[in-house]
>>> print(open('model.csv').read())   # CSV, C-alpha atoms (C1' of nucleotides)
chain,number,residue,atom,x,y,z
M,402,MET,CA,16.9,-35.8,-16.4
M,403,ARG,CA,20.2,-34.8,-17.6
M,404,ALA,CA,19.0,-31.3,-18.3
M,405,ILE,CA,20.7,-28.4,-16.5
M,406,THR,CA,17.3,-26.9,-16.0
M,407,ALA,CA,16.9,-24.8,-12.9
M,408,ALA,CA,19.3,-23.7,-10.3
M,409,ARG,CA,22.1,-21.7,-11.7
M,410,ALA,CA,24.5,-24.5,-12.6
M,411,GLN,CA,27.2,-21.9,-12.8
M,412,GLU,CA,29.6,-22.1,-15.6
M,413,LEU,CA,33.4,-22.4,-15.4
M,414,THR,CA,36.3,-21.8,-17.7
M,415,ILE,CA,38.9,-24.5,-18.0
M,416,GLY,CA,41.3,-22.4,-15.9
M,417,ARG,CA,38.8,-22.1,-13.1
M,418,LEU,CA,38.1,-25.8,-13.2
M,419,SER,CA,41.8,-26.4,-13.0
M,420,GLU,CA,42.2,-24.2,-10.0
M,421,LEU,CA,39.2,-25.8,-8.2
M,422,THR,CA,40.3,-29.4,-8.8
M,423,GLY,CA,44.1,-29.0,-8.8
M,424,VAL,CA,44.2,-30.7,-12.2
M,425,ASN,CA,46.5,-29.1,-14.8
M,426,ILE,CA,44.7,-27.4,-17.7
M,427,GLU,CA,46.7,-29.4,-20.2
M,428,THR,CA,45.7,-32.6,-18.3
M,429,ILE,CA,42.1,-31.7,-18.5
M,430,ARG,CA,42.3,-31.3,-22.2
M,431,TYR,CA,44.2,-34.5,-22.4
M,432,TYR,CA,41.4,-36.3,-20.5
M,433,GLU,CA,39.0,-35.0,-23.0
M,434,ARG,CA,41.1,-36.1,-26.0
M,435,THR,CA,41.4,-39.6,-24.6
M,436,LYS,CA,37.7,-39.8,-23.7
M,437,VAL,CA,38.1,-40.0,-20.0
M,438,LEU,CA,36.0,-36.9,-19.7
M,439,PRO,CA,33.2,-36.0,-22.1
M,440,ALA,CA,33.7,-32.9,-24.3
M,441,PRO,CA,32.1,-29.9,-22.7
M,442,ALA,CA,30.0,-27.3,-24.3
M,443,ARG,CA,31.7,-24.4,-26.0
M,444,THR,CA,31.2,-20.7,-26.3
M,445,ALA,CA,30.6,-19.1,-29.6
M,446,SER,CA,34.3,-18.4,-29.9
M,447,GLY,CA,35.2,-22.0,-29.1
M,448,ARG,CA,36.1,-21.9,-25.4
M,449,ARG,CA,35.2,-24.8,-23.2
M,450,VAL,CA,32.4,-24.2,-20.8
M,451,TYR,CA,32.1,-26.5,-17.8
M,452,GLN,CA,29.3,-26.9,-15.3
M,453,SER,CA,29.8,-27.2,-11.6
M,454,ALA,CA,29.0,-30.9,-11.8
M,455,ASP,CA,32.3,-31.3,-13.7
M,456,ILE,CA,34.2,-30.3,-10.6
M,457,ARG,CA,32.9,-33.4,-8.9
M,458,THR,CA,33.8,-35.7,-11.8
M,459,LEU,CA,37.3,-34.3,-12.2
M,460,ALA,CA,37.9,-34.5,-8.4
M,461,PHE,CA,36.8,-38.1,-8.5
M,462,LEU,CA,39.2,-38.7,-11.4
M,463,ARG,CA,42.0,-37.0,-9.6
M,464,ARG,CA,41.5,-39.0,-6.5
M,465,ALA,CA,41.3,-42.3,-8.5
M,466,ARG,CA,44.6,-41.4,-10.1
M,467,GLU,CA,46.1,-40.8,-6.8
M,468,LEU,CA,44.9,-44.2,-5.7
M,469,GLY,CA,46.8,-45.6,-8.7
M,470,PHE,CA,43.8,-46.5,-10.9
M,471,SER,CA,44.7,-46.5,-14.6
M,472,LEU,CA,42.8,-44.2,-16.9
M,473,ASP,CA,41.3,-47.3,-18.4
M,474,ALA,CA,40.0,-48.4,-15.1
M,475,ILE,CA,38.7,-44.9,-14.4
M,476,ARG,CA,36.9,-44.7,-17.8
M,477,ALA,CA,35.2,-47.9,-16.7
M,478,LEU,CA,34.4,-46.5,-13.2
M,479,LEU,CA,33.0,-43.3,-14.6
M,480,ARG,CA,30.8,-45.2,-17.1
M,481,LEU,CA,29.5,-47.4,-14.2
M,482,GLY,CA,29.1,-44.7,-11.7
M,483,GLY,CA,27.6,-42.5,-14.3
M,484,PRO,CA,24.1,-42.7,-15.8
M,485,GLU,CA,22.1,-43.6,-12.7
M,486,LYS,CA,23.5,-46.1,-10.3
M,487,ALA,CA,25.6,-48.9,-11.6
M,488,SER,CA,26.4,-52.3,-10.5
M,489,CYS,CA,28.4,-52.1,-7.3
M,490,ARG,CA,29.6,-55.6,-8.1
M,491,GLU,CA,31.4,-54.4,-11.2
M,492,VAL,CA,32.9,-51.5,-9.4
M,493,ARG,CA,34.1,-53.9,-6.7
M,494,GLY,CA,35.6,-56.1,-9.5
M,495,ILE,CA,37.7,-53.3,-10.8
M,496,ALA,CA,38.7,-52.1,-7.4
M,497,SER,CA,39.7,-55.5,-6.1
M,498,HIS,CA,41.6,-56.3,-9.2
M,499,HIS,CA,43.5,-53.1,-8.7
M,500,LEU,CA,44.0,-54.1,-5.1
M,501,ASP,CA,45.7,-57.3,-6.3
M,502,ASP,CA,48.0,-55.3,-8.4
M,503,ILE,CA,48.9,-53.1,-5.5
M,504,ARG,CA,49.6,-56.1,-3.3
M,505,ALA,CA,51.8,-57.7,-5.9
M,506,LYS,CA,53.7,-54.5,-6.3
M,507,ILE,CA,54.2,-54.1,-2.5
M,508,SER,CA,55.5,-57.6,-2.2
M,509,ASP,CA,58.0,-57.1,-5.0
M,510,LEU,CA,59.2,-53.9,-3.6
M,511,ARG,CA,59.6,-55.4,-0.2
M,512,LYS,CA,61.8,-58.1,-1.5
M,513,LEU,CA,63.9,-55.4,-3.2
M,514,GLU,CA,64.0,-53.4,-0.1
M,515,ARG,CA,65.3,-56.2,2.0
M,516,LEU,CA,68.0,-57.1,-0.4
M,517,LEU,CA,69.1,-53.6,-1.0
M,518,ALA,CA,69.0,-52.7,2.6
M,519,LYS,CA,71.1,-55.7,3.6
M,520,THR,CA,73.6,-54.9,1.0
M,521,VAL,CA,73.9,-51.2,1.6
M,522,ALA,CA,74.4,-52.0,5.3
M,523,GLN,CA,77.5,-53.9,4.4
M,524,CYS,CA,79.1,-50.9,2.7
M,525,THR,CA,82.0,-49.6,4.5
M,526,GLY,CA,82.1,-46.5,2.4
M,527,THR,CA,85.7,-46.9,1.7
M,528,THR,CA,87.1,-47.5,-1.7
M,529,ALA,CA,87.4,-51.2,-1.1
M,530,PRO,CA,88.3,-53.4,-3.9
M,531,ASP,CA,84.9,-55.0,-3.9
M,532,CYS,CA,81.7,-53.3,-3.3
M,533,PRO,CA,78.8,-55.3,-1.9
M,534,VAL,CA,76.3,-53.3,-3.9
M,535,LEU,CA,78.1,-54.0,-7.1
M,536,ASP,CA,78.4,-57.6,-6.0
M,537,ILE,CA,74.7,-58.3,-5.6
M,538,LEU,CA,74.1,-56.8,-9.0
M,539,ASP,CA,76.9,-58.8,-10.5
M,540,ILE,CA,77.4,-62.4,-11.4
M,541,GLN,CA,76.3,-64.2,-8.3
M,542,GLY,CA,73.2,-62.5,-9.3
M,543,ARG,CA,70.4,-65.0,-9.3
M,544,ASN,CA,68.9,-65.0,-5.8
E,343,MET,CA,91.1,-59.8,-10.5
E,344,ARG,CA,88.7,-58.2,-12.9
E,345,ALA,CA,90.6,-59.2,-16.0
E,346,ILE,CA,89.2,-61.9,-18.1
E,347,THR,CA,92.7,-62.3,-19.4
E,348,ALA,CA,93.3,-65.6,-21.1
E,349,ALA,CA,90.7,-67.9,-22.2
E,350,ARG,CA,89.2,-67.3,-25.6
E,351,ALA,CA,87.2,-64.1,-25.3
E,352,GLN,CA,84.8,-65.5,-27.8
E,353,GLU,CA,82.7,-63.3,-30.0
E,354,LEU,CA,79.0,-63.1,-30.0
E,355,THR,CA,76.2,-61.9,-32.3
E,356,ILE,CA,73.6,-59.7,-30.8
E,357,GLY,CA,71.1,-62.6,-31.0
E,358,ARG,CA,73.4,-64.9,-29.0
E,359,LEU,CA,74.0,-62.2,-26.4
E,360,SER,CA,70.2,-61.7,-26.2
E,361,GLU,CA,69.7,-65.4,-25.6
E,362,LEU,CA,72.4,-65.6,-23.0
E,363,THR,CA,71.2,-62.7,-21.0
E,364,GLY,CA,67.5,-62.8,-21.6
E,365,VAL,CA,67.6,-59.2,-22.8
E,366,ASN,CA,65.6,-58.5,-25.9
E,367,ILE,CA,67.6,-57.7,-29.0
E,368,GLU,CA,65.8,-54.4,-29.6
E,369,THR,CA,66.5,-53.5,-26.0
E,370,ILE,CA,70.2,-54.1,-26.3
E,371,ARG,CA,70.2,-51.8,-29.3
E,372,TYR,CA,68.2,-49.3,-27.3
E,373,TYR,CA,70.8,-49.4,-24.5
E,374,GLU,CA,73.5,-48.7,-27.0
E,375,ARG,CA,71.6,-45.8,-28.6
E,376,THR,CA,71.0,-44.3,-25.1
E,377,LYS,CA,74.6,-44.8,-24.1
E,378,VAL,CA,74.0,-47.2,-21.3
E,379,LEU,CA,76.1,-49.7,-23.2
E,380,PRO,CA,79.1,-48.8,-25.2
E,381,ALA,CA,78.9,-49.4,-29.0
E,382,PRO,CA,80.5,-52.7,-29.8
E,383,ALA,CA,82.8,-53.5,-32.7
E,384,ARG,CA,81.3,-54.3,-36.0
E,385,THR,CA,82.0,-56.8,-38.8
E,386,ALA,CA,82.9,-55.6,-42.2
E,387,SER,CA,79.2,-55.8,-43.1
E,388,GLY,CA,78.2,-53.8,-40.1
E,389,ARG,CA,77.0,-56.4,-37.7
E,390,ARG,CA,77.6,-55.9,-34.0
E,391,VAL,CA,80.3,-58.1,-32.5
E,392,TYR,CA,80.2,-58.6,-28.7
E,393,GLN,CA,82.8,-60.1,-26.4
E,394,SER,CA,82.0,-62.5,-23.7
E,395,ALA,CA,82.7,-59.7,-21.1
E,396,ASP,CA,79.6,-58.0,-22.5
E,397,ILE,CA,77.5,-60.9,-21.1
E,398,ARG,CA,78.5,-59.9,-17.7
E,399,THR,CA,77.8,-56.2,-18.2
E,400,LEU,CA,74.4,-56.9,-19.7
E,401,ALA,CA,73.5,-59.3,-17.0
E,402,PHE,CA,74.4,-56.7,-14.5
E,403,LEU,CA,72.3,-54.2,-16.3
E,404,ARG,CA,69.3,-56.6,-16.4
E,405,ARG,CA,69.6,-57.3,-12.7
E,406,ALA,CA,69.8,-53.7,-11.8
E,407,ARG,CA,66.7,-53.0,-13.9
E,408,GLU,CA,64.9,-55.8,-12.0
E,409,LEU,CA,65.9,-54.1,-8.8
E,410,GLY,CA,64.3,-51.0,-10.2
E,411,PHE,CA,67.3,-48.9,-10.8
E,412,SER,CA,66.7,-46.2,-13.5
E,413,LEU,CA,68.8,-46.3,-16.6
E,414,ASP,CA,70.3,-43.1,-15.4
E,415,ALA,CA,71.4,-44.7,-12.1
E,416,ILE,CA,72.7,-47.7,-14.0
E,417,ARG,CA,74.7,-45.5,-16.3
E,418,ALA,CA,76.3,-44.0,-13.2
E,419,LEU,CA,76.9,-47.4,-11.7
E,420,LEU,CA,78.5,-48.8,-14.8
E,421,ARG,CA,80.7,-45.8,-15.0
E,422,LEU,CA,81.8,-46.2,-11.4
E,423,GLY,CA,82.1,-50.0,-11.5
E,424,GLY,CA,83.9,-49.7,-14.7
E,425,PRO,CA,87.4,-48.6,-15.3
E,426,GLU,CA,89.1,-50.2,-12.4
E,427,LYS,CA,87.5,-50.1,-9.0
E,428,ALA,CA,85.4,-47.2,-8.1
E,429,SER,CA,84.4,-45.4,-5.0
E,430,CYS,CA,82.2,-47.8,-3.1
E,431,ARG,CA,80.9,-44.8,-1.3
E,432,GLU,CA,79.4,-43.3,-4.5
E,433,VAL,CA,77.9,-46.6,-5.4
E,434,ARG,CA,76.4,-46.8,-1.9
E,435,GLY,CA,75.0,-43.3,-2.4
E,436,ILE,CA,73.2,-44.3,-5.5
E,437,ALA,CA,71.9,-47.5,-4.0
E,438,SER,CA,70.7,-46.0,-0.8
E,439,HIS,CA,69.0,-43.2,-2.6
E,440,HIS,CA,67.2,-45.8,-4.6
E,441,LEU,CA,66.4,-47.6,-1.4
E,442,ASP,CA,64.7,-44.4,-0.1
E,443,ASP,CA,62.6,-44.3,-3.2
E,444,ILE,CA,61.6,-47.8,-2.8
E,445,ARG,CA,60.6,-47.3,0.8
E,446,ALA,CA,58.6,-44.3,0.0
E,447,LYS,CA,56.8,-46.2,-2.7
E,448,ILE,CA,56.1,-49.1,-0.4
E,449,SER,CA,54.7,-46.8,2.2
E,450,ASP,CA,52.4,-45.1,-0.3
E,451,LEU,CA,51.2,-48.4,-1.6
E,452,ARG,CA,50.4,-49.7,1.8
E,453,LYS,CA,48.3,-46.7,2.6
E,454,LEU,CA,46.4,-47.3,-0.6
E,455,GLU,CA,46.1,-51.0,0.1
E,456,ARG,CA,44.6,-50.5,3.5
E,457,LEU,CA,42.1,-48.0,2.2
E,458,LEU,CA,41.1,-50.0,-0.8
E,459,ALA,CA,40.9,-53.3,1.1
E,460,LYS,CA,38.7,-51.8,3.8
E,461,THR,CA,36.4,-50.3,1.2
E,462,VAL,CA,36.1,-53.4,-1.0
E,463,ALA,CA,35.3,-55.4,2.1
E,464,GLN,CA,32.3,-53.2,2.6
E,465,CYS,CA,30.9,-54.1,-0.8
E,466,THR,CA,27.9,-56.2,-0.7
E,467,GLY,CA,28.1,-56.9,-4.4
E,468,THR,CA,24.5,-56.0,-4.9
E,469,THR,CA,23.4,-53.2,-7.0
E,470,ALA,CA,23.0,-51.0,-4.0
E,471,PRO,CA,22.2,-47.3,-4.5
E,472,ASP,CA,25.5,-46.3,-3.1
E,473,CYS,CA,28.7,-48.1,-3.6
E,474,PRO,CA,31.5,-47.8,-1.0
E,475,VAL,CA,34.2,-47.9,-3.6
E,476,LEU,CA,32.6,-45.0,-5.6
E,477,ASP,CA,32.2,-43.3,-2.2
E,478,ILE,CA,35.8,-43.2,-1.2
E,479,LEU,CA,36.7,-41.9,-4.6
E,480,ASP,CA,34.0,-39.3,-4.4
E,481,ILE,CA,33.5,-36.2,-2.6
E,482,GLN,CA,34.3,-37.1,1.0
E,483,GLY,CA,37.6,-37.7,-0.7
E,484,ARG,CA,40.3,-36.3,1.5
E,485,ASN,CA,41.3,-38.9,4.0
A,518,DA,C1',43.2,1.3,-28.5
A,519,DT,C1',46.3,-1.2,-25.8
A,520,DG,C1',48.0,-4.5,-23.1
A,521,DC,C1',47.9,-8.7,-20.8
A,522,DA,C1',45.6,-12.9,-19.3
A,523,DT,C1',43.5,-16.7,-20.9
A,524,DC,C1',42.2,-19.6,-24.1
A,525,DC,C1',42.6,-22.5,-28.5
A,526,DT,C1',45.0,-26.3,-31.6
A,527,DG,C1',48.7,-29.1,-32.8
A,528,DT,C1',52.9,-31.2,-32.0
A,529,DA,C1',56.8,-33.0,-29.6
A,530,DG,C1',59.1,-34.7,-25.5
A,531,DC,C1',59.6,-37.6,-21.1
A,532,DC,C1',60.9,-43.1,-19.7
A,533,DG,C1',61.9,-47.7,-21.0
A,534,DC,C1',61.0,-50.2,-23.9
A,535,DT,C1',58.6,-52.9,-28.0
A,536,DA,C1',57.2,-53.4,-32.7
A,537,DC,C1',57.2,-52.8,-37.2
A,538,DA,C1',58.8,-51.7,-42.2
A,539,DG,C1',62.0,-52.3,-45.5
A,540,DG,C1',66.2,-53.7,-46.7
A,541,DA,C1',71.0,-56.2,-46.4
A,542,DT,C1',73.6,-60.2,-45.2
A,543,DC,C1',74.7,-65.0,-43.6
A,544,DA,C1',74.8,-70.1,-43.5
A,545,DA,C1',72.9,-74.3,-45.1
A,546,DG,C1',70.7,-77.4,-48.5
A,547,DG,C1',69.8,-78.7,-53.2
Z,694,DC,C1',76.0,-71.6,-57.8
Z,695,DC,C1',71.5,-70.4,-56.2
Z,696,DT,C1',67.8,-70.2,-53.3
Z,697,DT,C1',65.7,-70.2,-49.0
Z,698,DG,C1',65.1,-68.7,-44.4
Z,699,DA,C1',67.2,-66.9,-40.4
Z,700,DT,C1',69.4,-63.2,-38.7
Z,701,DC,C1',70.9,-58.8,-38.8
Z,702,DC,C1',70.7,-53.6,-40.0
Z,703,DT,C1',68.4,-48.7,-39.6
Z,704,DG,C1',64.8,-45.7,-38.8
Z,705,DT,C1',60.4,-44.7,-37.1
Z,706,DA,C1',56.2,-44.9,-34.3
Z,707,DG,C1',53.6,-46.5,-30.5
Z,708,DC,C1',52.5,-47.5,-25.4
Z,709,DG,C1',50.7,-44.5,-20.7
Z,710,DG,C1',50.0,-40.4,-18.6
Z,711,DC,C1',51.1,-36.6,-18.8
Z,712,DT,C1',53.8,-31.9,-19.7
Z,713,DA,C1',55.5,-28.2,-22.5
Z,714,DC,C1',55.9,-25.7,-26.0
Z,715,DA,C1',54.7,-22.6,-30.5
Z,716,DG,C1',51.7,-19.7,-32.7
Z,717,DG,C1',47.5,-17.8,-32.8
Z,718,DA,C1',42.7,-16.1,-31.3
Z,719,DT,C1',39.9,-14.2,-27.8
Z,720,DG,C1',38.3,-11.6,-23.4
Z,721,DC,C1',38.5,-8.0,-20.3
Z,722,DA,C1',40.2,-3.8,-18.1
Z,723,DT,C1',42.1,0.6,-18.7
>>> encode(input="model.csv", output="structure tokens")
Amino acid sequence: MRAITAARAQELTIGRLSELTGVNIETIRYYERTKVLPAPARTASGRRVYQSADIRTLAFLRRARELGFSLDAIRALLRLGGPEKASCREVRGIASHHLDDIRAKISDLRKLERLLAKTVAQCTGTTAPDCPVLDILDIQGRN
Amino acid sequence: MRAITAARAQELTIGRLSELTGVNIETIRYYERTKVLPAPARTASGRRVYQSADIRTLAFLRRARELGFSLDAIRALLRLGGPEKASCREVRGIASHHLDDIRAKISDLRKLERLLAKTVAQCTGTTAPDCPVLDILDIQGRN
DNA sequence: ATGCATCCTGTAGCCGCTACAGGATCAAGG
DNA sequence: CCTTGATCCTGTAGCGGCTACAGGATGCAT
């Protein structure tokens, strides 16, 4: 059932696909090279021909990137989401693993934020002999 | 009171400096190549010779990296913190700019976290025909 | 026929490392 | 003194996820 069959699945150039999805042309080609996207058909002269279904895939990809999924994770998601259903459990696995990463990153950043904010607040802005910012970075360092 | 003055400024090999600071040897050389660290003296046979003051600098560098400062920012900090005092104001500028970056990143990540968490929670784990994770990534996309 | 837009491939650069190849040098033990 | 093994040196290439060229081939409108 992969066949294009009926229904005018209109064809797109890479430039048009790029416009429609907001993904840079070079990036689309990069995704193809790195097997995130399958290679599309070509015209006689070698130009890429995309189908309207590719808009959806690329939009998905773009959104997943915005959500911080790695290309590796996205390759997996596309494989799972692809050829007729997929195990929602596996998808959930990937997503919740990613969620863990995000939470760890947030927690790290919050620690940094607190420390930096506290320190910057101590700055008088004058050319004082010792600067609180340089101080936290310096020796007394391990906190 | 910056001066080390007295006290046997002992010399170190790159390996020893690496041990003492926890910074990879290759990374130390990389910092030299990219002008984050000044090139040290050399022995007759060409080996790098570090002074104990370099431990402090490299530890500073390491800590600043842990706090997420870019090498560019660190180059600036080292220049400012370097040759006798420095404008604390400029240091504060760099640090508070970095703080802004961190806060923006935290805010982004929190949005992602909420969205992903909500979605993953809806997962039954079965092989349902539609998967909430794939759904948020898909079409209805813009939230 | 001309011009310009768009496309193609291939390669190199960004950051901040890390890893390796291939060689030189050092310190210690036999 | 010689050998071994650790350490050092330089130079280059790779990671992820693009982005930006160069240099050439099409496509389309006038």
>>> closest_residue(input="model.csv", among="E:Lys453, E:Ala381, E:Leu419, E:Ile448", to="Arg407 in chain E", atoms="all atoms listed in the file")
E:Leu419
>>> residues_around(input="model.csv", residues="Ile370 in chain E", least_positions_apart="2", cutoff="12 Å", atoms="only C-alpha atoms (C1' of nucleotides)", output="NGL selection string")
(:E and (355-361 or 363-368 or 372-382 or 390 or 392 or 396-397 or 399-401 or 403-404)) or (:A and (533-535))
>>> write_last_selection(input="model.csv", atoms="C-alpha atoms (C1' of nucleotides)", output="PDB file, in the frame of the given file")
ATOM      1  CA  THR E 355      76.200 -61.900 -32.300  1.00  0.00           C
ATOM      2  CA  ILE E 356      73.600 -59.700 -30.800  1.00  0.00           C
ATOM      3  CA  GLY E 357      71.100 -62.600 -31.000  1.00  0.00           C
ATOM      4  CA  ARG E 358      73.400 -64.900 -29.000  1.00  0.00           C
ATOM      5  CA  LEU E 359      74.000 -62.200 -26.400  1.00  0.00           C
ATOM      6  CA  SER E 360      70.200 -61.700 -26.200  1.00  0.00           C
ATOM      7  CA  GLU E 361      69.700 -65.400 -25.600  1.00  0.00           C
ATOM      8  CA  THR E 363      71.200 -62.700 -21.000  1.00  0.00           C
ATOM      9  CA  GLY E 364      67.500 -62.800 -21.600  1.00  0.00           C
ATOM     10  CA  VAL E 365      67.600 -59.200 -22.800  1.00  0.00           C
ATOM     11  CA  ASN E 366      65.600 -58.500 -25.900  1.00  0.00           C
ATOM     12  CA  ILE E 367      67.600 -57.700 -29.000  1.00  0.00           C
ATOM     13  CA  GLU E 368      65.800 -54.400 -29.600  1.00  0.00           C
ATOM     14  CA  TYR E 372      68.200 -49.300 -27.300  1.00  0.00           C
ATOM     15  CA  TYR E 373      70.800 -49.400 -24.500  1.00  0.00           C
ATOM     16  CA  GLU E 374      73.500 -48.700 -27.000  1.00  0.00           C
ATOM     17  CA  ARG E 375      71.600 -45.800 -28.600  1.00  0.00           C
ATOM     18  CA  THR E 376      71.000 -44.300 -25.100  1.00  0.00           C
ATOM     19  CA  LYS E 377      74.600 -44.800 -24.100  1.00  0.00           C
ATOM     20  CA  VAL E 378      74.000 -47.200 -21.300  1.00  0.00           C
ATOM     21  CA  LEU E 379      76.100 -49.700 -23.200  1.00  0.00           C
ATOM     22  CA  PRO E 380      79.100 -48.800 -25.200  1.00  0.00           C
ATOM     23  CA  ALA E 381      78.900 -49.400 -29.000  1.00  0.00           C
ATOM     24  CA  PRO E 382      80.500 -52.700 -29.800  1.00  0.00           C
ATOM     25  CA  ARG E 390      77.600 -55.900 -34.000  1.00  0.00           C
ATOM     26  CA  TYR E 392      80.200 -58.600 -28.700  1.00  0.00           C
ATOM     27  CA  ASP E 396      79.600 -58.000 -22.500  1.00  0.00           C
ATOM     28  CA  ILE E 397      77.500 -60.900 -21.100  1.00  0.00           C
ATOM     29  CA  THR E 399      77.800 -56.200 -18.200  1.00  0.00           C
ATOM     30  CA  LEU E 400      74.400 -56.900 -19.700  1.00  0.00           C
ATOM     31  CA  ALA E 401      73.500 -59.300 -17.000  1.00  0.00           C
ATOM     32  CA  LEU E 403      72.300 -54.200 -16.300  1.00  0.00           C
ATOM     33  CA  ARG E 404      69.300 -56.600 -16.400  1.00  0.00           C
TER      34      ARG E 404
ATOM     35  C1'  DG A 533      61.900 -47.700 -21.000  1.00  0.00           C
ATOM     36  C1'  DC A 534      61.000 -50.200 -23.900  1.00  0.00           C
ATOM     37  C1'  DT A 535      58.600 -52.900 -28.000  1.00  0.00           C
TER      38       DT A 535
END
>>> residues_around(input="model.csv", residues="Leu476 in chain E", least_positions_apart="6", cutoff="9 Å", atoms="only C-alpha atoms (C1' of nucleotides)", output="list of chain:residue names")
M:Phe461, M:Leu478, M:Gly482, M:Cys489, M:Val492
>>> write_last_selection(input="model.csv", atoms="C-alpha atoms", output="CSV table (one decimal), in the frame of the given file")
chain,number,residue,atom,x,y,z
M,461,PHE,CA,36.8,-38.1,-8.5
M,478,LEU,CA,34.4,-46.5,-13.2
M,482,GLY,CA,29.1,-44.7,-11.7
M,489,CYS,CA,28.4,-52.1,-7.3
M,492,VAL,CA,32.9,-51.5,-9.4
>>> residues_near_point(input="model.csv", point="(53.8, -31.7, -22.4)", cutoff="8 Å", atoms="only C-alpha atoms (C1' of nucleotides)", output="list of chain:residue names")
M:Glu427, A:DA529, A:DG530, Z:DC711, Z:DT712, Z:DA713, Z:DC714
>>> residues_around(input="model.csv", residues="DT719 in chain Z", least_positions_apart="6", cutoff="9 Å", atoms="all atoms listed in the file", output="PyMOL selection string")
(chain M and resi 446+448) or (chain A and resi 523-525)
>>> atom_distance(input="model.csv", atom1="C1' of DG527 in chain A", atom2="CA of Arg430 in chain M")
12.6 Å
>>> atom_distance(input="model.csv", atom1="CA of Arg452 in chain E", atom2="CA of Gly469 in chain M")
11.8 Å
>>> residues_around(input="model.csv", residues="DG547 in chain A", least_positions_apart="2", cutoff="12 Å", atoms="all atoms listed in the file", output="list in words")
DA545 of chain A; DC694, DC695, DT696 and DT697 of chain Z
>>> interface_residues(input="model.csv", of="chain Z", to="chain E", cutoff="9 Å", atoms="only C-alpha atoms (C1' of nucleotides)", output="list in words")
DT700, DC701 and DC702 of chain Z
>>> closest_residue(input="model.csv", among="M:Leu421, M:Arg493, M:Ala505, M:Val450", to="chain E", atoms="all atoms listed in the file")
M:Arg493
>>> closest_residue(input="model.csv", among="E:Gln393, E:Gln352, E:Thr385, E:Arg431", to="chain A", atoms="all atoms listed in the file")
E:Thr385
>>> residues_near_point(input="model.csv", point="(43.3, -49.3, -1.8)", cutoff="9 Å", atoms="only C-alpha atoms (C1' of nucleotides)", output="list in words")
Leu468, Gly469, Ala496, Ser497, His499, Leu500 and Ile503 of chain M; Leu451, Arg452, Lys453, Leu454, Glu455, Arg456, Leu457, Leu458, Ala459, Lys460, Thr461 and Val462 of chain E
>>> closest_residue(input="model.csv", among="E:Leu413, E:Val475, E:Ala418, E:Ala395", to="chain M", atoms="only C-alpha atoms")
E:Val475
>>> atom_distance(input="model.csv", atom1="CA of Glu491 in chain M", atom2="CA of Lys506 in chain M")
22.8 Å
>>> closest_residue(input="model.csv", among="E:Ala386, E:Leu354, E:Ile436, E:Cys465", to="chain A", atoms="all atoms listed in the file")
E:Ala386
>>> closest_residue(input="model.csv", among="M:Ala522, M:Ala474, M:Leu481, M:Ala465", to="chain E", atoms="all atoms listed in the file")
M:Ala465
